[in-house]
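A.B. asks: Okay, so here is run28.pdb, and as you'll see once you scroll down, it has PDB, N, CA and C atoms and all ligand atoms.
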ATOM      1  N   MET J  28    -149.428 -97.501-117.195
ATOM      2  CA  MET J  28    -148.837 -97.553-118.544
ATOM      3  C   MET J  28    -149.707 -96.797-119.535
ATOM      4  N   LYS J  29    -150.999 -96.972-119.412
ATOM      5  CA  LYS J  29    -151.931 -96.299-120.306
ATOM      6  C   LYS J  29    -151.855 -94.781-120.128
ATOM      7  N   LYS J  30    -151.704 -94.365-118.870
ATOM      8  CA  LYS J  30    -151.629 -92.938-118.543
ATOM      9  C   LYS J  30    -150.387 -92.301-119.156
ATOM     10  N   LEU J  31    -149.276 -93.001-119.063
ATOM     11  CA  LEU J  31    -148.014 -92.502-119.595
ATOM     12  C   LEU J  31    -148.112 -92.316-121.102
ATOM     13  N   LEU J  32    -148.736 -93.253-121.748
ATOM     14  CA  LEU J  32    -148.889 -93.194-123.196
ATOM     15  C   LEU J  32    -149.727 -91.979-123.586
ATOM     16  N   LEU J  33    -150.768 -91.738-122.825
ATOM     17  CA  LEU J  33    -151.649 -90.605-123.078
ATOM     18  C   LEU J  33    -150.875 -89.302-122.936
ATOM     19  N   LEU J  34    -150.043 -89.234-121.913
ATOM     20  CA  LEU J  34    -149.242 -88.041-121.639
ATOM     21  C   LEU J  34    -148.299 -87.763-122.804
ATOM     22  N   LEU J  35    -147.691 -88.804-123.323
ATOM     23  CA  LEU J  35    -146.758 -88.653-124.433
ATOM     24  C   LEU J  35    -147.466 -88.146-125.690
ATOM     25  N   LEU J  36    -148.717 -88.493-125.821
ATOM     26  CA  LEU J  36    -149.481 -88.054-126.982
ATOM     27  C   LEU J  36    -149.922 -86.601-126.850
ATOM     28  N   VAL J  37    -150.231 -86.198-125.628
ATOM     29  CA  VAL J  37    -150.780 -84.863-125.397
ATOM     30  C   VAL J  37    -149.710 -83.778-125.396
ATOM     31  N   VAL J  38    -148.581 -84.040-124.785
ATOM     32  CA  VAL J  38    -147.548 -83.020-124.614
ATOM     33  C   VAL J  38    -147.058 -82.368-125.921
ATOM     34  N   PRO J  39    -146.720 -83.154-126.941
ATOM     35  CA  PRO J  39    -146.229 -82.498-128.165
ATOM     36  C   PRO J  39    -147.253 -81.581-128.813
ATOM     37  N   LEU J  40    -148.528 -81.851-128.610
ATOM     38  CA  LEU J  40    -149.562 -81.034-129.224
ATOM     39  C   LEU J  40    -149.735 -79.697-128.525
ATOM     40  N   THR J  41    -149.560 -79.670-127.216
ATOM     41  CA  THR J  41    -149.859 -78.462-126.460
ATOM     42  C   THR J  41    -148.643 -77.598-126.202
ATOM     43  N   SER J  42    -147.442 -78.126-126.418
ATOM     44  CA  SER J  42    -146.271 -77.353-126.026
ATOM     45  C   SER J  42    -145.463 -76.833-127.221
ATOM     46  N   PHE J  43    -146.104 -76.706-128.370
ATOM     47  CA  PHE J  43    -145.353 -76.148-129.492
ATOM     48  C   PHE J  43    -145.066 -74.669-129.220
ATOM     49  N   THR J  44    -143.939 -74.217-129.650
ATOM     50  CA  THR J  44    -143.480 -72.887-129.254
ATOM     51  C   THR J  44    -144.059 -71.791-130.136
ATOM     52  N   ILE J  45    -144.490 -70.718-129.489
ATOM     53  CA  ILE J  45    -144.858 -69.526-130.235
ATOM     54  C   ILE J  45    -144.075 -68.356-129.663
ATOM     55  N   SER J  46    -143.662 -67.456-130.513
ATOM     56  CA  SER J  46    -142.894 -66.297-130.079
ATOM     57  C   SER J  46    -143.663 -65.038-130.431
ATOM     58  N   ALA J  47    -143.139 -63.895-130.017
ATOM     59  CA  ALA J  47    -143.789 -62.607-130.293
ATOM     60  C   ALA J  47    -143.906 -62.373-131.792
ATOM     61  N   ASP J  48    -143.074 -63.072-132.525
ATOM     62  CA  ASP J  48    -143.017 -62.905-133.971
ATOM     63  C   ASP J  48    -143.939 -63.871-134.717
ATOM     64  N   SER J  49    -144.573 -64.748-133.978
ATOM     65  CA  SER J  49    -145.455 -65.731-134.602
ATOM     66  C   SER J  49    -146.697 -65.061-135.169
ATOM     67  N   ASP J  50    -147.229 -65.628-136.200
ATOM     68  CA  ASP J  50    -148.480 -65.136-136.759
ATOM     69  C   ASP J  50    -149.650 -65.724-135.983
ATOM     70  N   VAL J  51    -150.603 -64.861-135.655
ATOM     71  CA  VAL J  51    -151.827 -65.334-135.013
ATOM     72  C   VAL J  51    -153.004 -64.753-135.792
ATOM     73  N   TYR J  52    -154.160 -65.243-135.516
ATOM     74  CA  TYR J  52    -155.351 -64.799-136.240
ATOM     75  C   TYR J  52    -156.308 -64.091-135.291
ATOM     76  N   ILE J  53    -156.830 -62.970-135.743
ATOM     77  CA  ILE J  53    -157.799 -62.254-134.921
ATOM     78  C   ILE J  53    -159.033 -61.950-135.753
ATOM     79  N   CYS J  54    -160.145 -61.845-135.057
ATOM     80  CA  CYS J  54    -161.376 -61.414-135.693
ATOM     81  C   CYS J  54    -161.386 -59.894-135.630
ATOM     82  N   LYS J  55    -161.617 -59.249-136.763
ATOM     83  CA  LYS J  55    -161.548 -57.783-136.795
ATOM     84  C   LYS J  55    -162.869 -57.132-136.408
ATOM     85  N   SER J  56    -163.549 -57.775-135.512
ATOM     86  CA  SER J  56    -164.779 -57.221-134.955
ATOM     87  C   SER J  56    -164.407 -56.381-133.741
ATOM     88  N   ALA J  57    -165.178 -55.313-133.479
ATOM     89  CA  ALA J  57    -164.863 -54.399-132.378
ATOM     90  C   ALA J  57    -164.858 -55.093-131.021
ATOM     91  N   ASN J  58    -165.676 -56.119-130.869
ATOM     92  CA  ASN J  58    -165.739 -56.755-129.546
ATOM     93  C   ASN J  58    -164.953 -58.057-129.452
ATOM     94  N   ALA J  59    -164.094 -58.314-130.416
ATOM     95  CA  ALA J  59    -163.244 -59.507-130.353
ATOM     96  C   ALA J  59    -162.081 -59.244-129.398
ATOM     97  N   LYS J  60    -161.884 -60.126-128.454
ATOM     98  CA  LYS J  60    -160.837 -59.910-127.456
ATOM     99  C   LYS J  60    -159.808 -61.027-127.435
ATOM    100  N   LYS J  61    -159.868 -61.906-128.395
ATOM    101  CA  LYS J  61    -158.999 -63.084-128.389
ATOM    102  C   LYS J  61    -158.149 -63.146-129.655
ATOM    103  N   TYR J  62    -157.029 -63.812-129.528
ATOM    104  CA  TYR J  62    -156.274 -64.154-130.726
ATOM    105  C   TYR J  62    -156.211 -65.673-130.815
ATOM    106  N   HIS J  63    -155.986 -66.148-132.005
ATOM    107  CA  HIS J  63    -156.044 -67.580-132.269
ATOM    108  C   HIS J  63    -154.785 -68.052-132.970
ATOM    109  N   LEU J  64    -154.373 -69.250-132.660
ATOM    110  CA  LEU J  64    -153.144 -69.792-133.246
ATOM    111  C   LEU J  64    -153.397 -70.443-134.589
ATOM    112  N   VAL J  65    -154.621 -70.826-134.820
ATOM    113  CA  VAL J  65    -154.961 -71.470-136.086
ATOM    114  C   VAL J  65    -156.138 -70.755-136.735
ATOM    115  N   GLU J  66    -156.108 -70.691-138.033
ATOM    116  CA  GLU J  66    -157.110 -69.939-138.782
ATOM    117  C   GLU J  66    -158.491 -70.606-138.707
ATOM    118  N   ASN J  67    -158.498 -71.907-138.571
ATOM    119  CA  ASN J  67    -159.783 -72.613-138.557
ATOM    120  C   ASN J  67    -160.243 -72.956-137.146
ATOM    121  N   CYS J  68    -159.835 -72.118-136.190
ATOM    122  CA  CYS J  68    -160.226 -72.325-134.790
ATOM    123  C   CYS J  68    -161.741 -72.224-134.619
ATOM    124  N   ARG J  69    -162.246 -72.982-133.663
ATOM    125  CA  ARG J  69    -163.682 -72.956-133.391
ATOM    126  C   ARG J  69    -164.136 -71.573-132.935
ATOM    127  N   GLY J  70    -163.263 -70.867-132.211
ATOM    128  CA  GLY J  70    -163.600 -69.531-131.738
ATOM    129  C   GLY J  70    -163.770 -68.560-132.895
ATOM    130  N   LEU J  71    -162.941 -68.708-133.909
ATOM    131  CA  LEU J  71    -163.002 -67.804-135.065
ATOM    132  C   LEU J  71    -164.224 -68.061-135.935
ATOM    133  N   SER J  72    -164.776 -69.233-135.840
ATOM    134  CA  SER J  72    -165.944 -69.535-136.669
ATOM    135  C   SER J  72    -167.147 -68.694-136.239
ATOM    136  N   ASN J  73    -167.071 -68.107-135.030
ATOM    137  CA  ASN J  73    -168.143 -67.219-134.556
ATOM    138  C   ASN J  73    -167.960 -65.795-135.053
ATOM    139  N   CYS J  74    -166.816 -65.518-135.664
ATOM    140  CA  CYS J  74    -166.498 -64.162-136.090
ATOM    141  C   CYS J  74    -167.395 -63.720-137.239
ATOM    142  N   LYS J  75    -168.031 -62.563-137.046
ATOM    143  CA  LYS J  75    -168.935 -62.054-138.082
ATOM    144  C   LYS J  75    -168.209 -61.069-139.015
ATOM    145  N   ALA J  76    -167.015 -60.653-138.611
ATOM    146  CA  ALA J  76    -166.227 -59.709-139.404
ATOM    147  C   ALA J  76    -165.099 -60.464-140.115
ATOM    148  N   LEU J  77    -164.170 -59.724-140.669
ATOM    149  CA  LEU J  77    -163.036 -60.349-141.345
ATOM    150  C   LEU J  77    -162.067 -60.961-140.337
ATOM    151  N   VAL J  78    -161.397 -61.999-140.750
ATOM    152  CA  VAL J  78    -160.345 -62.594-139.932
ATOM    153  C   VAL J  78    -159.013 -62.127-140.502
ATOM    154  N   GLY J  79    -158.166 -61.592-139.644
ATOM    155  CA  GLY J  79    -156.884 -61.079-140.109
ATOM    156  C   GLY J  79    -155.725 -61.762-139.431
ATOM    157  N   LYS J  80    -154.586 -61.820-140.143
ATOM    158  CA  LYS J  80    -153.376 -62.413-139.589
ATOM    159  C   LYS J  80    -152.466 -61.295-139.100
ATOM    160  N   VAL J  81    -152.074 -61.342-137.845
ATOM    161  CA  VAL J  81    -151.162 -60.340-137.284
ATOM    162  C   VAL J  81    -150.079 -61.055-136.485
ATOM    163  N   LYS J  82    -149.048 -60.303-136.114
ATOM    164  CA  LYS J  82    -148.015 -60.860-135.244
ATOM    165  C   LYS J  82    -148.577 -60.985-133.828
ATOM    166  N   LEU J  83    -148.084 -61.956-133.105
ATOM    167  CA  LEU J  83    -148.529 -62.146-131.728
ATOM    168  C   LEU J  83    -148.331 -60.885-130.895
ATOM    169  N   SER J  84    -147.184 -60.210-131.076
ATOM    170  CA  SER J  84    -146.898 -59.003-130.303
ATOM    171  C   SER J  84    -147.948 -57.926-130.584
ATOM    172  N   GLU J  85    -148.394 -57.861-131.827
ATOM    173  CA  GLU J  85    -149.401 -56.882-132.227
ATOM    174  C   GLU J  85    -150.760 -57.194-131.579
ATOM    175  N   ALA J  86    -151.105 -58.454-131.573
ATOM    176  CA  ALA J  86    -152.368 -58.875-130.947
ATOM    177  C   ALA J  86    -152.353 -58.544-129.462
ATOM    178  N   LYS J  87    -151.217 -58.763-128.831
ATOM    179  CA  LYS J  87    -151.104 -58.474-127.398
ATOM    180  C   LYS J  87    -151.171 -56.979-127.136
ATOM    181  N   ASN J  88    -150.580 -56.187-128.038
ATOM    182  CA  ASN J  88    -150.651 -54.728-127.918
ATOM    183  C   ASN J  88    -152.097 -54.244-127.956
ATOM    184  N   GLN J  89    -152.922 -54.977-128.666
ATOM    185  CA  GLN J  89    -154.337 -54.620-128.762
ATOM    186  C   GLN J  89    -155.132 -55.168-127.582
ATOM    187  N   GLY J  90    -154.427 -55.732-126.624
ATOM    188  CA  GLY J  90    -155.063 -56.220-125.401
ATOM    189  C   GLY J  90    -155.754 -57.553-125.556
ATOM    190  N   LYS J  91    -155.402 -58.269-126.605
ATOM    191  CA  LYS J  91    -156.071 -59.550-126.831
ATOM    192  C   LYS J  91    -155.380 -60.668-126.041
ATOM    193  N   THR J  92    -156.179 -61.613-125.642
ATOM    194  CA  THR J  92    -155.656 -62.764-124.910
ATOM    195  C   THR J  92    -155.939 -64.024-125.722
ATOM    196  N   ILE J  93    -155.230 -65.091-125.368
ATOM    197  CA  ILE J  93    -155.370 -66.303-126.164
ATOM    198  C   ILE J  93    -156.784 -66.883-126.051
ATOM    199  N   CYS J  94    -157.232 -67.359-127.155
ATOM    200  CA  CYS J  94    -158.558 -67.968-127.251
ATOM    201  C   CYS J  94    -158.686 -69.186-126.347
ATOM    202  N   GLY J  95    -159.827 -69.329-125.724
ATOM    203  CA  GLY J  95    -160.065 -70.432-124.806
ATOM    204  C   GLY J  95    -159.955 -71.811-125.422
ATOM    205  N   TRP J  96    -160.242 -71.918-126.683
ATOM    206  CA  TRP J  96    -160.205 -73.220-127.341
ATOM    207  C   TRP J  96    -158.783 -73.740-127.485
ATOM    208  N   GLU J  97    -157.820 -72.844-127.460
ATOM    209  CA  GLU J  97    -156.437 -73.273-127.686
ATOM    210  C   GLU J  97    -155.590 -73.171-126.422
ATOM    211  N   ASP J  98    -156.123 -72.618-125.385
ATOM    212  CA  ASP J  98    -155.352 -72.376-124.181
ATOM    213  C   ASP J  98    -154.924 -73.685-123.521
TER
HETATM  214 ZN    ZN J 101    -159.170 -69.745-131.137
END
What does this structure look like when you write it as structure tokens?

C.D. replies:
Amino acid sequence: MKKLLLLLLVVPLTSFTISADSDVYICKSANAKKYHLVENCRGLSNCKALVGKVKLSEAKNQGKTICGWED
């Protein structure tokens, strides 16, 4: 019973939908290879350059993959 309750709590948080048109955040540093779903992500706090908002499709075109903290 406890396990089921935990599952119900976790699923809505991790399965929210993002599309190619969604806004994501990237660090505009030359060696940044990730995109982030939230502006205050732990991964972005390491960014030494500007943080920019782009479309998901654009981030993917730049060869970026989803940040480990949100995967
Ligand atoms: Zn992130």

A.B. asks: What are the closest atom pairs, with distances in Å to one decimal, for each residue of chain J lying within 7 Å of ligand ZN 101 (chain J), using all atoms listed in the file, rows by chain and rising residue number, as JSON lines?

C.D. replies:
{"residue": "J:Lys61", "atom": "C", "partner": "J:ZN101", "partner_atom": "ZN", "distance": 6.8}
{"residue": "J:Tyr62", "atom": "C", "partner": "J:ZN101", "partner_atom": "ZN", "distance": 5.0}
{"residue": "J:His63", "atom": "CA", "partner": "J:ZN101", "partner_atom": "ZN", "distance": 4.0}
{"residue": "J:Leu64", "atom": "N", "partner": "J:ZN101", "partner_atom": "ZN", "distance": 5.1}
{"residue": "J:Val65", "atom": "N", "partner": "J:ZN101", "partner_atom": "ZN", "distance": 6.0}
{"residue": "J:Asn67", "atom": "C", "partner": "J:ZN101", "partner_atom": "ZN", "distance": 6.9}
{"residue": "J:Cys68", "atom": "CA", "partner": "J:ZN101", "partner_atom": "ZN", "distance": 4.6}
{"residue": "J:Arg69", "atom": "N", "partner": "J:ZN101", "partner_atom": "ZN", "distance": 5.1}
{"residue": "J:Gly70", "atom": "N", "partner": "J:ZN101", "partner_atom": "ZN", "distance": 4.4}
{"residue": "J:Leu71", "atom": "N", "partner": "J:ZN101", "partner_atom": "ZN", "distance": 4.8}
{"residue": "J:Ile93", "atom": "C", "partner": "J:ZN101", "partner_atom": "ZN", "distance": 6.3}
{"residue": "J:Cys94", "atom": "CA", "partner": "J:ZN101", "partner_atom": "ZN", "distance": 4.3}
{"residue": "J:Gly95", "atom": "N", "partner": "J:ZN101", "partner_atom": "ZN", "distance": 5.5}
{"residue": "J:Trp96", "atom": "N", "partner": "J:ZN101", "partner_atom": "ZN", "distance": 5.1}
{"residue": "J:Glu97", "atom": "N", "partner": "J:ZN101", "partner_atom": "ZN", "distance": 5.0}

A.B. asks: Run DSSP on the backbone of this structure and report the residues of range 37-96 of chain J it assigns to alpha helix (DSSP H), as a CSV table (one decimal) with N, CA and C atoms, in the frame of the given file.

C.D. replies:
chain,number,residue,atom,x,y,z
J,37,VAL,N,-150.2,-86.2,-125.6
J,37,VAL,CA,-150.8,-84.9,-125.4
J,37,VAL,C,-149.7,-83.8,-125.4
J,38,VAL,N,-148.6,-84.0,-124.8
J,38,VAL,CA,-147.5,-83.0,-124.6
J,38,VAL,C,-147.1,-82.4,-125.9
J,39,PRO,N,-146.7,-83.2,-126.9
J,39,PRO,CA,-146.2,-82.5,-128.2
J,39,PRO,C,-147.3,-81.6,-128.8
J,40,LEU,N,-148.5,-81.9,-128.6
J,40,LEU,CA,-149.6,-81.0,-129.2
J,40,LEU,C,-149.7,-79.7,-128.5
J,41,THR,N,-149.6,-79.7,-127.2
J,41,THR,CA,-149.9,-78.5,-126.5
J,41,THR,C,-148.6,-77.6,-126.2
J,83,LEU,N,-148.1,-62.0,-133.1
J,83,LEU,CA,-148.5,-62.1,-131.7
J,83,LEU,C,-148.3,-60.9,-130.9
J,84,SER,N,-147.2,-60.2,-131.1
J,84,SER,CA,-146.9,-59.0,-130.3
J,84,SER,C,-147.9,-57.9,-130.6
J,85,GLU,N,-148.4,-57.9,-131.8
J,85,GLU,CA,-149.4,-56.9,-132.2
J,85,GLU,C,-150.8,-57.2,-131.6
J,86,ALA,N,-151.1,-58.5,-131.6
J,86,ALA,CA,-152.4,-58.9,-130.9
J,86,ALA,C,-152.4,-58.5,-129.5
J,87,LYS,N,-151.2,-58.8,-128.8
J,87,LYS,CA,-151.1,-58.5,-127.4
J,87,LYS,C,-151.2,-57.0,-127.1
J,88,ASN,N,-150.6,-56.2,-128.0
J,88,ASN,CA,-150.7,-54.7,-127.9
J,88,ASN,C,-152.1,-54.2,-128.0

A.B. asks: Residues within 6 Å of Val81 in chain J, please, as a tab-separated table (two decimals) with N, CA and C atoms, in the coordinates of the input. Count all atoms listed in the file; anything in the same chain fewer than 3 positions from it doesn't count.

C.D. replies:
chain	number	residue	atom	x	y	z
J	49	SER	N	-144.57	-64.75	-133.98
J	49	SER	CA	-145.46	-65.73	-134.60
J	49	SER	C	-146.70	-65.06	-135.17
J	50	ASP	N	-147.23	-65.63	-136.20
J	50	ASP	CA	-148.48	-65.14	-136.76
J	50	ASP	C	-149.65	-65.72	-135.98
J	51	VAL	N	-150.60	-64.86	-135.66
J	51	VAL	CA	-151.83	-65.33	-135.01
J	51	VAL	C	-153.00	-64.75	-135.79
J	52	TYR	N	-154.16	-65.24	-135.52
J	52	TYR	CA	-155.35	-64.80	-136.24
J	52	TYR	C	-156.31	-64.09	-135.29
J	53	ILE	N	-156.83	-62.97	-135.74
J	53	ILE	CA	-157.80	-62.25	-134.92
J	53	ILE	C	-159.03	-61.95	-135.75
J	85	GLU	N	-148.39	-57.86	-131.83
J	85	GLU	CA	-149.40	-56.88	-132.23
J	85	GLU	C	-150.76	-57.19	-131.58
J	86	ALA	N	-151.10	-58.45	-131.57
J	86	ALA	CA	-152.37	-58.88	-130.95
J	86	ALA	C	-152.35	-58.54	-129.46

A.B. asks: Using all atoms listed in the file, which of the listed residues (J:Ser84, J:Ala59, J:Ser72, J:Gly79) sits closest to Ala47 in chain J?

C.D. replies: J:Ser84

A.B. asks: One number please: atom C of Asn88 in chain J to atom N of Asn73 in chain J, in Å, one decimal.

C.D. replies: 21.6 Å

A.B. asks: At what distance in Å, to one decimal, does atom C of Leu77 in chain J lie from atom N of Ile45 in chain J?

C.D. replies: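 These two atoms are separated by 22.8 Å.
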
A.B. asks: Just to confirm, what's the straight-line distance from CA of Lys75 in chain J to CA of Ser46 in chain J in Å (one decimal)?

C.D. replies: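 If I compute the distance from CA of Lys75 in chain J to CA of Ser46 in chain J, I get 27.6 Å.
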